[in-house]
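One file, work29.cif, is given below (mmCIF, C-alpha atoms).
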data_final
#
loop_
_atom_site.label_atom_id
_atom_site.label_comp_id
_atom_site.auth_asym_id
_atom_site.auth_seq_id
_atom_site.Cartn_x
_atom_site.Cartn_y
_atom_site.Cartn_z
CA MET A 1 13.65 18.65 -15.50
CA GLY A 2 10.91 18.60 -12.90
CA ARG A 3 9.53 15.55 -11.18
CA CYS A 4 6.18 14.08 -12.07
CA ILE A 5 4.38 12.59 -9.05
CA THR A 6 1.07 10.75 -9.25
CA VAL A 7 -1.14 10.52 -6.18
CA THR A 8 -3.30 7.41 -6.29
CA SER A 9 -5.05 4.90 -4.02
CA GLY A 10 -7.28 2.39 -5.75
CA LYS A 11 -10.17 2.98 -3.39
CA GLY A 12 -12.16 6.17 -3.60
CA GLY A 13 -12.66 8.59 -0.75
CA VAL A 14 -9.37 7.99 1.06
CA GLY A 15 -8.05 11.49 0.41
CA LYS A 16 -6.25 11.58 -2.95
CA THR A 17 -7.60 14.98 -3.91
CA THR A 18 -7.00 16.47 -0.46
CA THR A 19 -3.48 15.05 -0.50
CA THR A 20 -2.74 16.41 -3.98
CA ALA A 21 -4.04 19.87 -3.07
CA ASN A 22 -2.08 20.00 0.17
CA LEU A 23 1.16 18.62 -1.23
CA GLY A 24 0.95 21.05 -4.14
CA MET A 25 0.36 23.93 -1.75
CA ALA A 26 3.14 22.84 0.60
CA LEU A 27 5.64 22.41 -2.26
CA ALA A 28 4.71 25.88 -3.52
CA MET A 29 5.22 27.24 0.01
CA ASN A 30 8.76 25.90 -0.28
CA GLY A 31 9.26 28.10 -3.31
CA LYS A 32 8.91 25.38 -5.94
CA ASN A 33 7.13 25.85 -9.25
CA VAL A 34 4.26 23.41 -9.07
CA CYS A 35 1.62 22.32 -11.58
CA LEU A 36 -1.30 20.23 -10.36
CA ILE A 37 -3.27 18.13 -12.84
CA ASP A 38 -6.72 16.82 -12.02
CA ALA A 39 -6.70 13.55 -13.97
CA ASP A 40 -10.12 12.50 -12.69
CA ILE A 41 -11.95 13.31 -15.92
CA GLY A 42 -15.71 13.53 -15.46
CA LEU A 43 -15.44 13.95 -11.68
CA ARG A 44 -13.60 17.26 -11.40
CA ASN A 45 -12.82 18.13 -7.76
CA LEU A 46 -9.31 19.44 -7.27
CA ASP A 47 -10.46 22.89 -8.41
CA ILE A 48 -13.10 23.21 -5.69
CA VAL A 49 -10.79 21.94 -2.94
CA LEU A 50 -8.30 24.64 -3.96
CA GLY A 51 -11.03 27.30 -4.24
CA LEU A 52 -10.37 27.82 -7.97
CA GLU A 53 -13.68 26.54 -9.34
CA ASN A 54 -14.77 29.94 -10.66
CA ARG A 55 -11.68 30.51 -12.75
CA ILE A 56 -11.89 27.60 -15.14
CA VAL A 57 -11.92 28.37 -18.85
CA TYR A 58 -10.08 25.44 -20.43
CA ASP A 59 -9.50 21.97 -19.07
CA LEU A 60 -7.24 18.93 -19.45
CA VAL A 61 -9.12 17.56 -22.47
CA ASP A 62 -8.91 20.96 -24.20
CA VAL A 63 -5.15 20.88 -23.74
CA ILE A 64 -4.86 17.30 -25.00
CA GLU A 65 -7.07 17.93 -28.01
CA GLY A 66 -5.24 21.15 -28.85
CA ASN A 67 -8.24 23.45 -28.34
CA CYS A 68 -5.95 25.75 -26.36
CA ARG A 69 -2.32 26.18 -25.50
CA VAL A 70 -1.10 24.62 -22.24
CA LYS A 71 -0.49 28.09 -20.75
CA GLN A 72 -4.11 29.09 -21.37
CA ALA A 73 -5.42 26.16 -19.32
CA LEU A 74 -3.18 26.81 -16.32
CA ILE A 75 -5.11 28.40 -13.45
CA ARG A 76 -2.92 30.33 -11.06
CA ASP A 77 -3.50 29.81 -7.33
CA LYS A 78 -4.81 32.68 -5.17
CA HIS A 79 -2.05 32.39 -2.58
CA PHE A 80 1.00 31.31 -4.53
CA PRO A 81 1.69 32.46 -8.08
CA ASN A 82 4.10 29.53 -8.41
CA LEU A 83 1.21 27.05 -8.03
CA SER A 84 -1.02 26.26 -11.03
CA LEU A 85 -3.82 23.86 -11.81
CA ILE A 86 -4.98 22.15 -14.96
CA PRO A 87 -8.55 21.14 -14.10
CA ALA A 88 -10.25 17.96 -15.29
CA ALA A 89 -12.98 18.10 -17.92
CA GLN A 90 -16.37 17.68 -16.32
CA THR A 91 -18.44 16.74 -19.36
CA ARG A 92 -16.15 14.13 -20.88
CA ASP A 93 -15.03 10.70 -19.77
CA LYS A 94 -11.73 8.93 -19.19
CA ASP A 95 -11.50 7.67 -22.76
CA ALA A 96 -11.07 11.25 -24.02
CA VAL A 97 -7.33 10.96 -23.37
CA THR A 98 -4.77 8.20 -23.90
CA PRO A 99 -1.77 7.25 -21.72
CA GLU A 100 0.56 8.40 -24.53
CA GLN A 101 -1.02 11.86 -24.59
CA MET A 102 -0.76 12.14 -20.81
CA ALA A 103 2.88 11.08 -20.85
CA GLU A 104 3.61 13.67 -23.52
CA LEU A 105 1.88 16.43 -21.52
CA CYS A 106 3.77 15.51 -18.33
CA GLN A 107 7.01 15.55 -20.27
CA LYS A 108 6.21 19.01 -21.63
CA LEU A 109 5.16 20.42 -18.23
CA SER A 110 8.17 19.04 -16.38
CA LYS A 111 10.34 21.37 -18.47
CA ASP A 112 8.63 24.43 -16.96
CA PHE A 113 7.80 23.18 -13.46
CA ASP A 114 9.81 21.69 -10.58
CA PHE A 115 6.89 19.44 -9.71
CA VAL A 116 3.94 18.13 -11.69
CA VAL A 117 1.50 16.47 -9.28
CA LEU A 118 -1.34 14.38 -10.73
CA ASP A 119 -4.52 13.55 -8.87
CA SER A 120 -5.50 10.07 -10.07
CA PRO A 121 -9.09 8.86 -10.23
CA ALA A 122 -10.11 5.90 -8.08
CA GLY A 123 -10.02 2.48 -9.69
CA ILE A 124 -7.50 0.52 -11.70
CA GLU A 125 -8.76 1.09 -15.23
CA GLN A 126 -8.11 3.59 -17.99
CA GLY A 127 -8.22 6.67 -15.73
CA PHE A 128 -5.56 5.22 -13.43
CA ARG A 129 -3.45 4.14 -16.41
CA ASN A 130 -3.65 7.67 -17.81
CA ALA A 131 -2.64 9.14 -14.45
CA ILE A 132 0.51 7.03 -14.08
CA ALA A 133 1.54 7.13 -17.74
CA GLY A 134 3.78 10.16 -17.29
CA ALA A 135 4.77 9.60 -13.67
CA ASP A 136 8.36 9.47 -12.44
CA GLU A 137 7.18 8.40 -9.01
CA VAL A 138 3.94 7.40 -7.34
CA VAL A 139 2.52 8.17 -3.92
CA VAL A 140 -0.16 5.78 -2.66
CA VAL A 141 -2.70 7.11 -0.18
CA THR A 142 -4.49 4.71 2.13
CA THR A 143 -6.45 4.81 5.37
CA PRO A 144 -6.05 2.17 8.11
CA GLU A 145 -9.15 0.27 6.96
CA VAL A 146 -9.26 -3.20 5.41
CA SER A 147 -10.86 -2.09 2.13
CA ALA A 148 -8.44 0.79 1.57
CA VAL A 149 -5.38 -1.30 2.43
CA ARG A 150 -6.47 -4.14 0.17
CA ASP A 151 -6.92 -1.74 -2.74
CA ALA A 152 -3.60 -0.05 -1.96
CA ASP A 153 -1.91 -3.45 -2.19
CA ARG A 154 -3.43 -3.98 -5.64
CA ILE A 155 -2.33 -0.54 -6.80
CA ILE A 156 1.23 -1.13 -5.54
CA GLY A 157 1.33 -4.31 -7.61
CA LEU A 158 0.10 -2.47 -10.71
CA VAL A 159 2.60 0.38 -10.24
CA GLU A 160 5.44 -2.11 -9.98
CA ALA A 161 4.12 -4.01 -13.00
CA ALA A 162 4.25 -0.70 -14.91
CA GLU A 163 8.01 -0.68 -14.15
CA LEU A 164 7.84 2.47 -12.06
CA PRO A 165 9.95 2.70 -8.90
CA PRO A 166 8.26 1.28 -5.77
CA PRO A 167 5.61 3.77 -4.66
CA ARG A 168 5.74 5.52 -1.29
CA LEU A 169 2.90 5.44 1.19
CA ILE A 170 0.85 8.12 2.91
CA LEU A 171 -1.25 6.77 5.76
CA ASN A 172 -4.21 9.10 5.89
CA ARG A 173 -6.89 9.65 8.53
CA LEU A 174 -5.17 7.81 11.33
CA ASN A 175 -7.26 8.12 14.48
CA PRO A 176 -4.78 7.87 17.39
CA ALA A 177 -7.48 7.31 20.02
CA LEU A 178 -8.89 4.34 18.08
CA VAL A 179 -5.41 2.93 17.55
CA GLN A 180 -4.68 3.16 21.27
CA ARG A 181 -7.87 1.24 22.04
CA GLY A 182 -6.85 -1.49 19.58
CA GLU A 183 -9.75 -0.71 17.28
CA MET A 184 -7.73 0.61 14.35
CA MET A 185 -4.70 -0.89 12.64
CA THR A 186 -1.46 0.74 13.69
CA THR A 187 1.04 2.35 11.36
CA ASP A 188 3.24 -0.74 11.80
CA ASP A 189 0.36 -3.07 10.88
CA VAL A 190 -0.26 -1.23 7.62
CA GLN A 191 3.43 -1.02 6.84
CA ASP A 192 3.88 -4.74 7.53
CA ILE A 193 1.13 -5.57 5.08
CA LEU A 194 2.03 -3.17 2.28
CA ALA A 195 5.82 -3.36 2.69
CA ILE A 196 6.66 -0.04 1.02
CA ASP A 197 8.33 3.08 2.42
CA LEU A 198 6.14 5.34 4.48
CA ILE A 199 6.47 9.01 3.58
CA GLY A 200 3.90 10.41 6.00
CA ILE A 201 1.10 9.86 8.48
CA VAL A 202 -1.82 12.29 8.41
CA PRO A 203 -4.06 12.24 11.50
CA GLU A 204 -7.83 12.37 11.14
CA ASP A 205 -8.60 16.04 11.52
CA ALA A 206 -11.77 18.13 11.30
CA THR A 207 -9.75 21.02 9.91
CA ILE A 208 -9.53 19.13 6.59
CA VAL A 209 -13.30 19.40 6.12
CA MET A 210 -13.28 23.03 7.20
CA ALA A 211 -10.42 23.75 4.82
CA SER A 212 -12.16 22.22 1.80
CA ASN A 213 -15.39 24.05 2.78
CA ARG A 214 -13.45 27.28 2.41
CA GLY A 215 -11.37 26.19 -0.58
CA GLU A 216 -8.13 26.82 1.33
CA PRO A 217 -6.04 23.68 1.87
CA ALA A 218 -5.10 22.87 5.47
CA ALA A 219 -1.40 23.14 4.60
CA LEU A 220 -1.92 26.92 4.78
CA SER A 221 -3.01 26.71 8.41
CA ASP A 222 -0.55 26.92 11.29
CA THR A 223 -2.92 25.22 13.70
CA SER A 224 -4.07 22.23 11.61
CA LYS A 225 -2.35 18.98 12.59
CA ALA A 226 -3.14 17.45 9.20
CA GLY A 227 -1.81 20.57 7.50
CA LYS A 228 1.46 20.21 9.40
CA ALA A 229 1.68 16.55 8.39
CA TYR A 230 1.26 17.52 4.71
CA ARG A 231 3.92 20.22 4.97
CA GLU A 232 6.29 17.63 6.42
CA ILE A 233 5.53 15.19 3.61
CA ALA A 234 6.37 17.93 1.11
CA GLN A 235 9.71 18.45 2.88
CA ARG A 236 10.42 14.73 2.64
CA LEU A 237 9.61 14.82 -1.08
CA LEU A 238 12.21 17.57 -1.30
CA GLY A 239 14.74 15.21 0.25
CA GLU A 240 14.84 16.75 3.72
CA GLU A 241 15.00 14.40 6.66
CA VAL A 242 12.02 15.10 8.88
CA PRO A 243 11.43 12.60 11.70
CA LEU A 244 8.19 10.71 11.28
CA ILE A 245 6.25 10.83 14.52
CA ILE A 246 3.25 8.58 14.98
CA PRO A 247 0.35 10.72 16.19
CA VAL A 248 -0.88 9.98 19.72
CA ALA A 249 -4.19 10.79 21.40
CA ASN A 250 -4.37 12.12 24.99
CA GLU A 251 -1.92 14.91 25.39
CA ASN A 252 -1.87 14.82 29.19
CA PHE A 253 1.32 15.10 31.20
CA LEU A 254 1.89 11.37 31.54
CA THR A 255 1.46 10.53 27.85
CA ARG A 256 3.65 13.45 26.90
CA MET A 257 6.38 12.15 29.17
CA MET A 258 6.00 8.65 27.77
CA ASN A 259 6.15 9.92 24.21
CA ALA A 260 9.35 11.74 24.99
CA PHE A 261 11.00 8.38 25.57
CA ARG A 262 9.29 6.53 22.75
CA PRO A 263 11.61 5.53 19.89
CA ARG A 264 10.93 7.61 16.83
CA GLN A 265 10.51 6.11 13.44
CA ARG A 266 12.51 7.50 10.60
CA VAL A 267 11.80 7.21 6.93
CA ALA A 268 14.15 6.78 4.06
CA SER A 269 14.14 9.90 1.95
CA MET B 1 -3.39 0.36 29.21
CA SER B 2 -2.72 -2.48 26.79
CA PHE B 3 -1.88 -4.65 29.80
CA LEU B 4 -5.27 -3.91 31.35
CA ARG B 5 -6.94 -4.51 28.00
CA SER B 6 -5.33 -7.91 27.68
CA LEU B 7 -6.64 -8.81 31.14
CA PHE B 8 -10.23 -8.03 30.35
CA SER B 9 -10.60 -8.58 26.62
CA LYS B 10 -12.34 -11.66 25.31
CA GLY B 11 -10.37 -12.11 22.11
CA PRO B 12 -8.26 -10.33 19.53
CA SER B 13 -9.00 -6.64 19.07
CA SER B 14 -10.69 -5.48 15.88
CA ALA B 15 -7.35 -4.09 14.69
CA GLU B 16 -5.71 -7.51 15.09
CA LEU B 17 -8.59 -9.14 13.26
CA ALA B 18 -8.29 -6.60 10.46
CA LYS B 19 -4.61 -7.39 10.02
CA GLN B 20 -5.12 -11.16 10.08
CA ARG B 21 -7.99 -11.02 7.61
CA LEU B 22 -6.03 -8.78 5.28
CA GLN B 23 -3.03 -11.07 5.31
CA VAL B 24 -5.18 -14.00 4.21
CA VAL B 25 -7.14 -12.13 1.57
CA LEU B 26 -4.07 -10.47 0.04
CA VAL B 27 -2.39 -13.82 -0.51
CA GLN B 28 -5.50 -14.95 -2.38
CA ASP B 29 -5.55 -11.68 -4.35
CA HIS B 30 -1.92 -12.12 -5.35
CA LEU B 31 -2.32 -15.69 -6.54
CA ALA B 32 -5.56 -15.03 -8.43
CA MET B 33 -6.09 -18.75 -8.93
CA PRO B 34 -9.29 -20.66 -9.55
CA PRO B 35 -10.84 -22.50 -6.60
CA GLY B 36 -9.51 -26.02 -6.07
CA THR B 37 -6.02 -25.15 -7.28
CA MET B 38 -4.48 -25.53 -3.84
CA GLU B 39 -6.07 -28.98 -3.44
CA ALA B 40 -4.75 -30.01 -6.84
CA ILE B 41 -1.24 -28.76 -6.01
CA LYS B 42 -1.36 -30.63 -2.72
CA ALA B 43 -2.40 -33.91 -4.34
CA GLU B 44 0.24 -33.63 -7.05
CA ILE B 45 3.05 -32.75 -4.65
CA ALA B 46 2.08 -35.77 -2.54
CA GLU B 47 2.12 -37.97 -5.62
CA VAL B 48 5.54 -36.79 -6.83
CA ILE B 49 7.20 -37.05 -3.42
CA SER B 50 5.68 -40.45 -2.74
CA ARG B 51 7.45 -41.83 -5.81
CA HIS B 52 10.70 -41.38 -3.96
CA LEU B 53 9.84 -41.27 -0.26
CA ASP B 54 7.40 -43.03 1.98
CA ILE B 55 5.17 -40.15 3.06
CA ASP B 56 1.90 -39.85 4.85
CA SER B 57 -0.20 -38.42 2.00
CA SER B 58 -3.14 -37.61 4.24
CA GLY B 59 -0.94 -35.40 6.42
CA VAL B 60 0.34 -33.15 3.62
CA GLU B 61 -0.39 -29.47 4.26
CA ILE B 62 0.34 -26.57 1.96
CA ALA B 63 -0.24 -22.86 2.41
CA VAL B 64 0.91 -19.62 0.86
CA GLU B 65 2.29 -17.20 3.42
CA ARG B 66 3.44 -13.65 3.26
CA ARG B 67 7.12 -13.02 3.90
CA GLY B 68 7.74 -9.31 3.58
CA HIS B 69 7.31 -8.46 -0.06
CA ASN B 70 7.08 -12.05 -1.27
CA ASP B 71 4.52 -14.77 -0.96
CA GLU B 72 5.92 -18.23 -0.36
CA LEU B 73 4.42 -21.64 -0.82
CA ILE B 74 5.10 -23.64 2.32
CA ALA B 75 4.57 -27.41 2.25
CA ASN B 76 4.55 -29.69 5.26
CA ILE B 77 5.06 -33.28 4.23
CA PRO B 78 5.19 -35.94 6.94
CA VAL B 79 7.75 -38.62 6.10
CA ARG B 80 7.59 -42.11 7.57
CA ARG B 81 10.72 -43.44 9.17
CA ASN B 82 11.16 -46.78 7.55
CA TYR B 83 13.42 -48.59 9.96
CA GLY B 84 13.86 -52.05 8.67
CA ARG B 85 12.44 -51.58 5.22
CA THR B 86 14.05 -51.15 1.85
CA ARG B 87 13.08 -48.30 -0.34
CA ASP B 88 10.40 -50.26 -2.14
CA GLY B 89 8.88 -51.22 1.17
CA ALA B 90 10.05 -54.83 1.44
CA PRO B 91 11.29 -55.97 4.86
CA ILE B 92 15.03 -56.05 5.19
CA PRO B 93 16.40 -59.58 5.75
CA LEU B 94 17.14 -60.31 9.42
CA GLU B 95 20.81 -61.07 8.92
CA ARG B 96 21.45 -57.55 7.77
CA PRO B 97 23.48 -55.85 10.51
CA LYS B 98 21.90 -52.38 10.41
CA ALA B 99 18.83 -50.90 8.81
CA PRO B 100 19.48 -47.98 6.51
CA GLN B 101 19.06 -44.76 8.45
CA ALA B 102 15.73 -42.99 8.09
CA VAL B 103 15.27 -40.43 5.41
CA GLY B 104 15.88 -37.05 6.95
CA ARG B 105 13.66 -34.07 7.24
CA VAL B 106 12.39 -32.24 4.21
CA ARG B 107 11.64 -29.15 6.26
CA PRO B 108 12.61 -28.24 9.81
CA THR B 109 9.01 -27.92 10.98
CA MET B 110 7.96 -31.18 9.46
CA THR B 111 6.36 -33.86 11.57
CA SER B 112 7.68 -37.38 11.29
CA ARG B 113 5.90 -40.60 12.02
CA ARG B 114 7.32 -44.02 12.50
CA SER B 115 5.77 -46.59 10.26
CA ALA B 116 3.84 -49.44 11.78
CA GLY B 117 6.26 -52.28 11.01
CA ARG B 118 9.21 -50.79 12.85
CA ARG B 119 11.98 -53.21 13.20
CA HIS B 120 12.15 -56.95 13.42
CA ARG B 121 13.75 -58.07 16.61
#
Structure translated into structure tokens:
Amino acid sequence: MGRCITVTSGKGGVGKTTTTANLGMALAMNGKNVCLIDADIGLRNLDIVLGLENRIVYDLVDVIEGNCRVKQALIRDKHFPNLSLIPAAQTRDKDAVTPEQMAELCQKLSKDFDFVVLDSPAGIEQGFRNAIAGADEVVVVTTPEVSAVRDADRIIGLVEAAELPPPRLILNRLNPALVQRGEMMTTDDVQDILAIDLIGIVPEDATIVMASNRGEPAALSDTSKAGKAYREIAQRLLGEEVPLIIPVANENFLTRMMNAFRPRQRVAS
Amino acid sequence: MSFLRSLFSKGPSSAELAKQRLQVVLVQDHLAMPPGTMEAIKAEIAEVISRHLDIDSSGVEIAVERRGHNDELIANIPVRRNYGRTRDGAPIPLERPKAPQAVGRVRPTMTSRRSAGRRHR
């Protein structure tokens, strides 16, 4: 049985879709059979971030309504044949599927795949409920901003109320230079407030925009810092112990020396 | 760097402000209670406690604070030390050898005040 992981955040625009695409890619790079589901019905986006927008024939609602078989809706990735996508419907809305139907689909897919990763829509209504209905575990994405953290706190409460295990946190778009100037909350600040396990820190990185422009997730790039962070998160999801290093700004000699002596934070896997 | 910043800065950094503001707003989010509830709780706590103890009702403070994953209601209730008075407030007769010892602290951080009529000498 595979694991069903939902990526969610509450607030929009914090990087759920980017995270889903990159984690899916990174898990596939580790040789796992991965199925991504874009659960954001009406606002389809995971396909374009992955560069698969021209290959769509059937979508999630077609699968749910039985207009096609599950296999027909699976779009195979260009880079990894062990990575597939079920795109969201673009012309329907969130009420086209029910939580029970989503749970049933996740159950079915987890027989064929090692990982089923769902990209949740923003918000706390029906679309979110659909996205977590079949989840075994939840990953919450936030940025170090007051609005995103507040919404993440709400989502964590709702996930726990749904009797799922405590979600794990990805801190996205951390800007080390701003943190060092005291103008952005630190990793510790966010962790203090949200009080859940941190599974990764992704630095703010222009390569993310470039990657989605091209439709090739940053996890594929050897030079992207964000891509590396996503690959490490995937390893942690696989149970490997990868030390969690808080990104720092100026990489001059002095800071490098200081960082060498800085205590490193570890995460529970 | 942070040492230099603390020398020249005028107040908390924006990151510190963000954290403080979030901690306050999240407590409110978690409680999801109508306005005035805290005042009502405060008045009722004061009333219940004052049935048994001589407290300074105007000094009662309550707040909900975050402790890790839980939110806790913290109440500060100043208790008057009633040297020389019985529980119902009447003066203790002079011939009594010792006044009953003051009621202790309800909470470690609590402030205590001595009541006006301390002890007859």
Could you list, as a PDB file with C-alpha atoms, in the coordinates of the input, the residues of chain B having an atom within 7 Å of chain A when counting all atoms listed in the file?
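Okay, result31.pdb is ready:
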ATOM      1  CA  SER B  13      -9.000  -6.640  19.070  1.00  0.00           C
ATOM      2  CA  SER B  14     -10.690  -5.480  15.880  1.00  0.00           C
ATOM      3  CA  ALA B  15      -7.350  -4.090  14.690  1.00  0.00           C
ATOM      4  CA  ALA B  18      -8.290  -6.600  10.460  1.00  0.00           C
ATOM      5  CA  LYS B  19      -4.610  -7.390  10.020  1.00  0.00           C
ATOM      6  CA  LEU B  22      -6.030  -8.780   5.280  1.00  0.00           C
ATOM      7  CA  GLN B  23      -3.030 -11.070   5.310  1.00  0.00           C
ATOM      8  CA  LEU B  26      -4.070 -10.470   0.040  1.00  0.00           C
ATOM      9  CA  GLY B  68       7.740  -9.310   3.580  1.00  0.00           C
ATOM     10  CA  HIS B  69       7.310  -8.460  -0.060  1.00  0.00           C
TER      11      HIS B  69
END
(request) Would you please work out which residue, of A:Asn30, A:Val49, A:Met102, A:Leu220, is nearest to A:Arg236 when using all atoms listed in the file? (result) A:Asn30
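Within the 10 Å cut-off around A:Ser110, using all atoms listed in the file and omitting residues fewer than 3 positions from it on the same chain, the listed residues are Met1, Gly2, Arg3, Cys4, Asn33, Val34, Cys35, Leu105, Cys106, Gln107, Phe113, Asp114, Phe115, Val116 and Gly134 of chain A.
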(request) Report the distance between atom CA of A:Asp112 and atom CA of A:Ile75 in Å, rounded to one decimal place. (result)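 Here the two named atoms are 14.7 Å from each other.
Nearest-residue note for A:Glu125: choosing from A:Asp40, A:Val70, A:Glu65, A:Val14, the minimum distance belongs to A:Asp40, counting all atoms listed in the file.
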(request) Using all atoms listed in the file, find all polymer residues with an atom at most 12 Å away from the point (-4.8, 20.7, 14.8); report them as a list in words. (result) Val202, Pro203, Glu204, Asp205, Ala206, Thr207, Ile208, Met210, Ala211, Ala218, Ala219, Ser221, Asp222, Thr223, Ser224, Lys225, Ala226, Gly227, Lys228, Ala229, Pro247 and Ala249 of chain A
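Our summary of the geometry notes that atom CA of A:Val140 is positioned 17.1 Å from atom CA of A:Leu46.
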(request) May I ask which of the residues B:Met38, B:Ile45, B:Val64, B:Ile55 is the closest one to B:Val24, counting all atoms listed in the file? (result)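 For B:Val24, the nearest of the given residues is B:Val64.
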